[in-house]
Amino acid sequence: MKGFVDNIQTLTERNADFRHVLYTGKNLQLVLMAIQPGEEIGEETHKDRDQFFRVEKGEGEIIIDGNRSRIKSDDAMIVPAGARHNVINTGKSALQLYTIYAPPEHRDGTVRVTKADAIALKEHFDGKTTERG
């Protein structure tokens, strides 16, 4: 197995895609996100998975079960399984972050350039990992 080794800050700051799955393991998944000004992930709840976020660039807000917090570069957030949450870009440039789902949420290799693409082309983890080859 090769795992994943790379500069996550550089990859995150260069990412312009709303969602870009970098690595999918059996028990967790690494995903880059770029949320445009005024845009949000959209309120969601993952009943069976925890989620970690880290902001590399930009500013915004995270809401976890009604608790609103300002977020900025270098901040990390954890959303426990079952918590209703949303991430909102309140800044003037893209909010660039990465997230780790445990267990995975999306199909390995998924890239959605815009939020509209992500909404229109829904997909969920199908059990196939990056290491499958």
# chains A, B, ... in the order shown; residues from 1 in each chain; ligands from 1
call {"tool": "residues_around", "arguments": {"residues": "segment 11-26 of chain A", "least_positions_apart": "6", "cutoff": "6 Å", "atoms": "only C-alpha atoms", "output": "list in words"}}
result
Leu32, Met33, Ala34, Ile35, Asp108, Gly109, Thr110, Val111, Arg112, Val113, Thr114, Lys115, Thr129 and Thr130 of chain A
call {"tool": "write_last_selection", "arguments": {"atoms": "N, CA and C atoms", "output": "JSON list (two decimals), in the first residue's frame"}}
result
[["chain", "number", "residue", "atom", "x", "y", "z"],
["A", 32, "LEU", "N", -10.43, 17.91, -0.65],
["A", 32, "LEU", "CA", -10.18, 19.34, -0.74],
["A", 32, "LEU", "C", -11.48, 20.04, -1.10],
["A", 33, "MET", "N", -11.66, 21.27, -0.60],
["A", 33, "MET", "CA", -12.83, 22.06, -0.95],
["A", 33, "MET", "C", -12.45, 23.51, -1.15],
["A", 34, "ALA", "N", -13.10, 24.17, -2.11],
["A", 34, "ALA", "CA", -12.99, 25.61, -2.32],
["A", 34, "ALA", "C", -14.41, 26.15, -2.38],
["A", 35, "ILE", "N", -14.77, 26.93, -1.38],
["A", 35, "ILE", "CA", -16.12, 27.50, -1.29],
["A", 35, "ILE", "C", -16.02, 28.97, -1.69],
["A", 108, "ASP", "N", -14.28, 7.46, -4.57],
["A", 108, "ASP", "CA", -12.87, 7.79, -4.75],
["A", 108, "ASP", "C", -12.67, 8.50, -6.08],
["A", 109, "GLY", "N", -11.84, 9.56, -6.07],
["A", 109, "GLY", "CA", -11.51, 10.28, -7.29],
["A", 109, "GLY", "C", -12.53, 11.31, -7.74],
["A", 110, "THR", "N", -13.61, 11.47, -7.00],
["A", 110, "THR", "CA", -14.65, 12.43, -7.38],
["A", 110, "THR", "C", -14.11, 13.85, -7.42],
["A", 111, "VAL", "N", -14.43, 14.57, -8.49],
["A", 111, "VAL", "CA", -14.12, 16.00, -8.61],
["A", 111, "VAL", "C", -15.41, 16.69, -9.05],
["A", 112, "ARG", "N", -15.82, 17.67, -8.28],
["A", 112, "ARG", "CA", -16.97, 18.50, -8.63],
["A", 112, "ARG", "C", -16.46, 19.94, -8.65],
["A", 113, "VAL", "N", -16.42, 20.54, -9.82],
["A", 113, "VAL", "CA", -15.83, 21.87, -10.00],
["A", 113, "VAL", "C", -16.64, 22.92, -9.25],
["A", 114, "THR", "N", -17.96, 22.83, -9.30],
["A", 114, "THR", "CA", -18.82, 23.82, -8.65],
["A", 114, "THR", "C", -19.79, 23.15, -7.69],
["A", 115, "LYS", "N", -20.39, 23.95, -6.84],
["A", 115, "LYS", "CA", -21.41, 23.42, -5.93],
["A", 115, "LYS", "C", -22.60, 22.89, -6.74],
["A", 129, "THR", "N", -11.56, 1.90, -2.78],
["A", 129, "THR", "CA", -10.58, 2.81, -2.18],
["A", 129, "THR", "C", -9.48, 3.17, -3.18],
["A", 130, "THR", "N", -8.68, 4.16, -2.82],
["A", 130, "THR", "CA", -7.55, 4.55, -3.65],
["A", 130, "THR", "C", -6.58, 3.39, -3.82]]
call {"tool": "select_by_dssp", "arguments": {"residues": "segment 67-127 of chain A", "states": "strand (DSSP E or B)", "output": "PyMOL selection string"}}
result
chain A and resi 67-72+76-79+84-89+95-102+111-112
call {"tool": "write_last_selection", "arguments": {"atoms": "N, CA and C atoms", "output": "mmCIF file, in the first residue's frame"}}
result
data_model
loop_
_atom_site.group_PDB
_atom_site.id
_atom_site.type_symbol
_atom_site.label_atom_id
_atom_site.label_comp_id
_atom_site.auth_asym_id
_atom_site.auth_seq_id
_atom_site.Cartn_x
_atom_site.Cartn_y
_atom_site.Cartn_z
ATOM 1 N N ASN A 67 -24.751 26.112 16.879
ATOM 2 C CA ASN A 67 -23.654 26.891 17.450
ATOM 3 C C ASN A 67 -22.802 27.466 16.324
ATOM 4 N N ARG A 68 -22.776 28.797 16.213
ATOM 5 C CA ARG A 68 -22.087 29.481 15.125
ATOM 6 C C ARG A 68 -20.719 29.949 15.605
ATOM 7 N N SER A 69 -19.675 29.656 14.806
ATOM 8 C CA SER A 69 -18.313 30.081 15.126
ATOM 9 C C SER A 69 -17.656 30.679 13.895
ATOM 10 N N ARG A 70 -16.906 31.762 14.081
ATOM 11 C CA ARG A 70 -16.109 32.347 13.007
ATOM 12 C C ARG A 70 -14.917 31.435 12.773
ATOM 13 N N ILE A 71 -14.522 31.271 11.498
ATOM 14 C CA ILE A 71 -13.362 30.454 11.164
ATOM 15 C C ILE A 71 -12.461 31.211 10.202
ATOM 16 N N LYS A 72 -11.166 30.880 10.245
ATOM 17 C CA LYS A 72 -10.176 31.562 9.401
ATOM 18 C C LYS A 72 -9.010 30.614 9.175
ATOM 19 N N ALA A 76 -9.156 24.629 12.843
ATOM 20 C CA ALA A 76 -9.624 23.259 12.641
ATOM 21 C C ALA A 76 -10.953 23.095 13.364
ATOM 22 N N MET A 77 -11.823 22.272 12.800
ATOM 23 C CA MET A 77 -13.135 22.023 13.377
ATOM 24 C C MET A 77 -13.429 20.526 13.283
ATOM 25 N N ILE A 78 -14.146 20.006 14.268
ATOM 26 C CA ILE A 78 -14.605 18.623 14.227
ATOM 27 C C ILE A 78 -16.119 18.628 14.389
ATOM 28 N N VAL A 79 -16.783 17.938 13.476
ATOM 29 C CA VAL A 79 -18.230 17.778 13.534
ATOM 30 C C VAL A 79 -18.510 16.323 13.898
ATOM 31 N N ARG A 84 -25.945 18.393 12.966
ATOM 32 C CA ARG A 84 -26.323 19.180 11.789
ATOM 33 C C ARG A 84 -25.281 20.293 11.652
ATOM 34 N N HIS A 85 -24.768 20.490 10.433
ATOM 35 C CA HIS A 85 -23.692 21.461 10.263
ATOM 36 C C HIS A 85 -23.715 22.110 8.881
ATOM 37 N N ASN A 86 -22.999 23.243 8.802
ATOM 38 C CA ASN A 86 -22.861 23.977 7.552
ATOM 39 C C ASN A 86 -21.587 24.818 7.659
ATOM 40 N N VAL A 87 -20.912 25.018 6.537
ATOM 41 C CA VAL A 87 -19.755 25.904 6.448
ATOM 42 C C VAL A 87 -20.091 26.963 5.415
ATOM 43 N N ILE A 88 -19.904 28.228 5.798
ATOM 44 C CA ILE A 88 -20.295 29.361 4.963
ATOM 45 C C ILE A 88 -19.080 30.260 4.740
ATOM 46 N N ASN A 89 -18.866 30.649 3.488
ATOM 47 C CA ASN A 89 -17.794 31.591 3.171
ATOM 48 C C ASN A 89 -18.351 33.008 3.339
ATOM 49 N N LEU A 95 -12.857 30.291 0.212
ATOM 50 C CA LEU A 95 -12.547 29.645 1.481
ATOM 51 C C LEU A 95 -11.987 28.275 1.119
ATOM 52 N N GLN A 96 -10.688 28.093 1.317
ATOM 53 C CA GLN A 96 -10.015 26.870 0.892
ATOM 54 C C GLN A 96 -9.709 26.031 2.128
ATOM 55 N N LEU A 97 -10.215 24.820 2.111
ATOM 56 C CA LEU A 97 -10.089 23.943 3.266
ATOM 57 C C LEU A 97 -9.976 22.509 2.814
ATOM 58 N N TYR A 98 -9.625 21.660 3.753
ATOM 59 C CA TYR A 98 -9.722 20.236 3.492
ATOM 60 C C TYR A 98 -10.532 19.611 4.599
ATOM 61 N N THR A 99 -11.110 18.467 4.290
ATOM 62 C CA THR A 99 -11.930 17.758 5.245
ATOM 63 C C THR A 99 -11.579 16.278 5.218
ATOM 64 N N ILE A 100 -11.732 15.649 6.360
ATOM 65 C CA ILE A 100 -11.527 14.208 6.475
ATOM 66 C C ILE A 100 -12.824 13.612 7.000
ATOM 67 N N TYR A 101 -13.398 12.726 6.225
ATOM 68 C CA TYR A 101 -14.579 11.975 6.633
ATOM 69 C C TYR A 101 -14.122 10.627 7.181
ATOM 70 N N ALA A 102 -14.724 10.184 8.275
ATOM 71 C CA ALA A 102 -14.415 8.868 8.808
ATOM 72 C C ALA A 102 -15.722 8.214 9.251
ATOM 73 N N VAL A 111 -14.427 14.569 -8.492
ATOM 74 C CA VAL A 111 -14.121 15.996 -8.610
ATOM 75 C C VAL A 111 -15.405 16.685 -9.051
ATOM 76 N N ARG A 112 -15.823 17.669 -8.279
ATOM 77 C CA ARG A 112 -16.971 18.504 -8.632
ATOM 78 C C ARG A 112 -16.464 19.940 -8.651
#
call {"tool": "atom_distance", "arguments": {"atom1": "atom CA of Asp48 of chain A", "atom2": "atom CA of Val31 of chain A"}}
result
17.6 Å
call {"tool": "closest_residue", "arguments": {"among": "A:Lys128, A:Lys122, A:His46, A:His106", "to": "Leu30 of chain A", "atoms": "only C-alpha atoms"}}
result
A:His106
call {"tool": "select_by_dssp", "arguments": {"residues": "chain A", "states": "helix (DSSP H, G or I)", "output": "NGL selection string"}}
result
:A and (8-14 or 115-120 or 130-132)
call {"tool": "write_last_selection", "arguments": {"atoms": "N, CA and C atoms", "output": "PDB file, in the first residue's frame"}}
result
ATOM      1  N   ILE A   8      -0.219  19.111   2.132  1.00  0.00           N
ATOM      2  CA  ILE A   8      -1.657  19.372   2.137  1.00  0.00           C
ATOM      3  C   ILE A   8      -1.967  20.868   2.055  1.00  0.00           C
ATOM      4  N   GLN A   9      -1.130  21.709   2.620  1.00  0.00           N
ATOM      5  CA  GLN A   9      -1.360  23.151   2.542  1.00  0.00           C
ATOM      6  C   GLN A   9      -1.274  23.626   1.088  1.00  0.00           C
ATOM      7  N   THR A  10      -0.226  23.228   0.387  1.00  0.00           N
ATOM      8  CA  THR A  10      -0.063  23.629  -1.016  1.00  0.00           C
ATOM      9  C   THR A  10      -1.207  23.092  -1.867  1.00  0.00           C
ATOM     10  N   LEU A  11      -1.546  21.828  -1.702  1.00  0.00           N
ATOM     11  CA  LEU A  11      -2.633  21.240  -2.485  1.00  0.00           C
ATOM     12  C   LEU A  11      -3.950  21.970  -2.235  1.00  0.00           C
ATOM     13  N   THR A  12      -4.223  22.288  -0.976  1.00  0.00           N
ATOM     14  CA  THR A  12      -5.473  22.966  -0.624  1.00  0.00           C
ATOM     15  C   THR A  12      -5.515  24.372  -1.210  1.00  0.00           C
ATOM     16  N   GLU A  13      -4.407  25.099  -1.090  1.00  0.00           N
ATOM     17  CA  GLU A  13      -4.377  26.469  -1.590  1.00  0.00           C
ATOM     18  C   GLU A  13      -4.419  26.553  -3.117  1.00  0.00           C
ATOM     19  N   ARG A  14      -3.992  25.511  -3.807  1.00  0.00           N
ATOM     20  CA  ARG A  14      -4.051  25.479  -5.278  1.00  0.00           C
ATOM     21  C   ARG A  14      -5.387  24.966  -5.798  1.00  0.00           C
ATOM     22  N   LYS A 115     -20.386  23.948  -6.836  1.00  0.00           N
ATOM     23  CA  LYS A 115     -21.414  23.421  -5.934  1.00  0.00           C
ATOM     24  C   LYS A 115     -22.598  22.892  -6.741  1.00  0.00           C
ATOM     25  N   ALA A 116     -22.950  23.580  -7.827  1.00  0.00           N
ATOM     26  CA  ALA A 116     -24.051  23.121  -8.688  1.00  0.00           C
ATOM     27  C   ALA A 116     -23.754  21.719  -9.231  1.00  0.00           C
ATOM     28  N   ASP A 117     -22.495  21.470  -9.618  1.00  0.00           N
ATOM     29  CA  ASP A 117     -22.100  20.133 -10.070  1.00  0.00           C
ATOM     30  C   ASP A 117     -22.296  19.113  -8.952  1.00  0.00           C
ATOM     31  N   ALA A 118     -21.893  19.482  -7.744  1.00  0.00           N
ATOM     32  CA  ALA A 118     -22.000  18.569  -6.603  1.00  0.00           C
ATOM     33  C   ALA A 118     -23.456  18.223  -6.308  1.00  0.00           C
ATOM     34  N   ILE A 119     -24.345  19.210  -6.452  1.00  0.00           N
ATOM     35  CA  ILE A 119     -25.771  18.966  -6.209  1.00  0.00           C
ATOM     36  C   ILE A 119     -26.359  18.098  -7.317  1.00  0.00           C
ATOM     37  N   ALA A 120     -26.020  18.397  -8.556  1.00  0.00           N
ATOM     38  CA  ALA A 120     -26.588  17.687  -9.714  1.00  0.00           C
ATOM     39  C   ALA A 120     -26.041  16.273  -9.860  1.00  0.00           C
ATOM     40  N   THR A 130      -8.681   4.157  -2.819  1.00  0.00           N
ATOM     41  CA  THR A 130      -7.553   4.551  -3.647  1.00  0.00           C
ATOM     42  C   THR A 130      -6.575   3.393  -3.816  1.00  0.00           C
ATOM     43  N   GLU A 131      -6.451   2.561  -2.815  1.00  0.00           N
ATOM     44  CA  GLU A 131      -5.497   1.448  -2.818  1.00  0.00           C
ATOM     45  C   GLU A 131      -5.969   0.228  -3.610  1.00  0.00           C
ATOM     46  N   ARG A 132      -7.124   0.283  -4.212  1.00  0.00           N
ATOM     47  CA  ARG A 132      -7.720  -0.908  -4.855  1.00  0.00           C
ATOM     48  C   ARG A 132      -6.898  -1.458  -6.018  1.00  0.00           C
TER      49      ARG A 132
END
call {"tool": "atom_distance", "arguments": {"atom1": "atom CA of Gly82 of chain A", "atom2": "atom CA of Glu105 of chain A"}}
result
13.9 Å
call {"tool": "residues_around", "arguments": {"residues": "Ala83 of chain A", "least_positions_apart": "4", "cutoff": "7 Å", "atoms": "only C-alpha atoms", "output": "list in words"}}
result
Thr45, Ile64, Asp65 and Val79 of chain A
call {"tool": "closest_residue", "arguments": {"among": "A:Asp126, A:Asp6, A:Glu43, A:Asp75", "to": "Glu59 of chain A", "atoms": "only C-alpha atoms"}}
result
A:Asp75
call {"tool": "atom_distance", "arguments": {"atom1": "atom CA of Ser73 of chain A", "atom2": "atom CA of Val5 of chain A"}}
result
21.7 Å
call {"tool": "closest_residue", "arguments": {"among": "A:Asn27, A:Asp74, A:Gly3, A:Ser93", "to": "Glu39 of chain A", "atoms": "only C-alpha atoms"}}
result
A:Ser93
call {"tool": "decode", "arguments": {"residues": "segment 50-84 of chain A", "atoms": "N, CA and C atoms", "output": "compact mmCIF listing (two decimals), in the first residue's frame"}}
result
# COMPACT_ATOMS: atom_id res chain seq x y z
N ASP A 50 -17.92 10.90 11.52
CA ASP A 50 -17.35 12.14 12.05
C ASP A 50 -16.68 12.87 10.89
N GLN A 51 -16.52 14.19 11.05
CA GLN A 51 -15.89 14.98 9.99
C GLN A 51 -14.95 16.02 10.62
N PHE A 52 -13.74 16.10 10.06
CA PHE A 52 -12.73 17.07 10.48
C PHE A 52 -12.55 18.07 9.34
N PHE A 53 -12.45 19.35 9.66
CA PHE A 53 -12.16 20.40 8.68
C PHE A 53 -10.93 21.18 9.14
N ARG A 54 -10.13 21.66 8.18
CA ARG A 54 -9.06 22.61 8.48
C ARG A 54 -9.05 23.66 7.37
N VAL A 55 -9.09 24.93 7.77
CA VAL A 55 -9.05 26.05 6.83
C VAL A 55 -7.60 26.40 6.56
N GLU A 56 -7.23 26.44 5.28
CA GLU A 56 -5.89 26.88 4.90
C GLU A 56 -5.89 28.34 4.47
N LYS A 57 -6.98 28.80 3.85
CA LYS A 57 -7.03 30.17 3.34
C LYS A 57 -8.48 30.64 3.36
N GLY A 58 -8.68 31.90 3.79
CA GLY A 58 -10.00 32.48 3.75
C GLY A 58 -10.63 32.61 5.13
N GLU A 59 -11.90 33.01 5.11
CA GLU A 59 -12.63 33.17 6.36
C GLU A 59 -14.09 32.84 6.14
N GLY A 60 -14.74 32.48 7.22
CA GLY A 60 -16.14 32.12 7.12
C GLY A 60 -16.73 31.81 8.47
N GLU A 61 -17.76 30.98 8.44
CA GLU A 61 -18.44 30.54 9.66
C GLU A 61 -18.74 29.06 9.54
N ILE A 62 -18.75 28.39 10.69
CA ILE A 62 -19.25 27.03 10.75
C ILE A 62 -20.38 27.02 11.77
N ILE A 63 -21.42 26.30 11.45
CA ILE A 63 -22.55 26.14 12.36
C ILE A 63 -22.64 24.65 12.66
N ILE A 64 -22.58 24.31 13.94
CA ILE A 64 -22.69 22.91 14.37
C ILE A 64 -23.83 22.84 15.38
N ASP A 65 -24.91 22.18 15.00
CA ASP A 65 -26.11 22.08 15.85
C ASP A 65 -26.52 23.43 16.43
N GLY A 66 -26.54 24.45 15.57
CA GLY A 66 -26.99 25.78 15.97
C GLY A 66 -25.92 26.66 16.59
N ASN A 67 -24.75 26.11 16.88
CA ASN A 67 -23.65 26.89 17.45
C ASN A 67 -22.80 27.47 16.32
N ARG A 68 -22.78 28.80 16.21
CA ARG A 68 -22.09 29.48 15.13
C ARG A 68 -20.72 29.95 15.61
N SER A 69 -19.67 29.66 14.81
CA SER A 69 -18.31 30.08 15.13
C SER A 69 -17.66 30.68 13.90
N ARG A 70 -16.91 31.76 14.08
CA ARG A 70 -16.11 32.35 13.01
C ARG A 70 -14.92 31.43 12.77
N ILE A 71 -14.52 31.27 11.50
CA ILE A 71 -13.36 30.45 11.16
C ILE A 71 -12.46 31.21 10.20
N LYS A 72 -11.17 30.88 10.25
CA LYS A 72 -10.18 31.56 9.40
C LYS A 72 -9.01 30.61 9.17
N SER A 73 -8.05 31.07 8.40
CA SER A 73 -6.85 30.28 8.11
C SER A 73 -6.28 29.68 9.39
N ASP A 74 -5.87 28.42 9.29
CA ASP A 74 -5.25 27.64 10.37
C ASP A 74 -6.23 27.12 11.41
N ASP A 75 -7.53 27.39 11.28
CA ASP A 75 -8.51 26.85 12.22
C ASP A 75 -8.89 25.43 11.83
N ALA A 76 -9.16 24.63 12.84
CA ALA A 76 -9.62 23.26 12.64
C ALA A 76 -10.95 23.10 13.36
N MET A 77 -11.82 22.27 12.80
CA MET A 77 -13.14 22.02 13.38
C MET A 77 -13.43 20.53 13.28
N ILE A 78 -14.15 20.01 14.27
CA ILE A 78 -14.61 18.62 14.23
C ILE A 78 -16.12 18.63 14.39
N VAL A 79 -16.78 17.94 13.48
CA VAL A 79 -18.23 17.78 13.53
C VAL A 79 -18.51 16.32 13.90
N PRO A 80 -19.08 16.08 15.08
CA PRO A 80 -19.37 14.70 15.48
C PRO A 80 -20.50 14.10 14.63
N ALA A 81 -20.48 12.80 14.49
CA ALA A 81 -21.55 12.09 13.78
C ALA A 81 -22.89 12.51 14.38
N GLY A 82 -23.86 12.77 13.51
CA GLY A 82 -25.20 13.12 13.94
C GLY A 82 -25.45 14.60 14.13
N ALA A 83 -24.39 15.44 14.07
CA ALA A 83 -24.57 16.88 14.25
C ALA A 83 -24.94 17.54 12.93
N ARG A 84 -25.95 18.39 12.97
CA ARG A 84 -26.32 19.18 11.79
C ARG A 84 -25.28 20.29 11.65
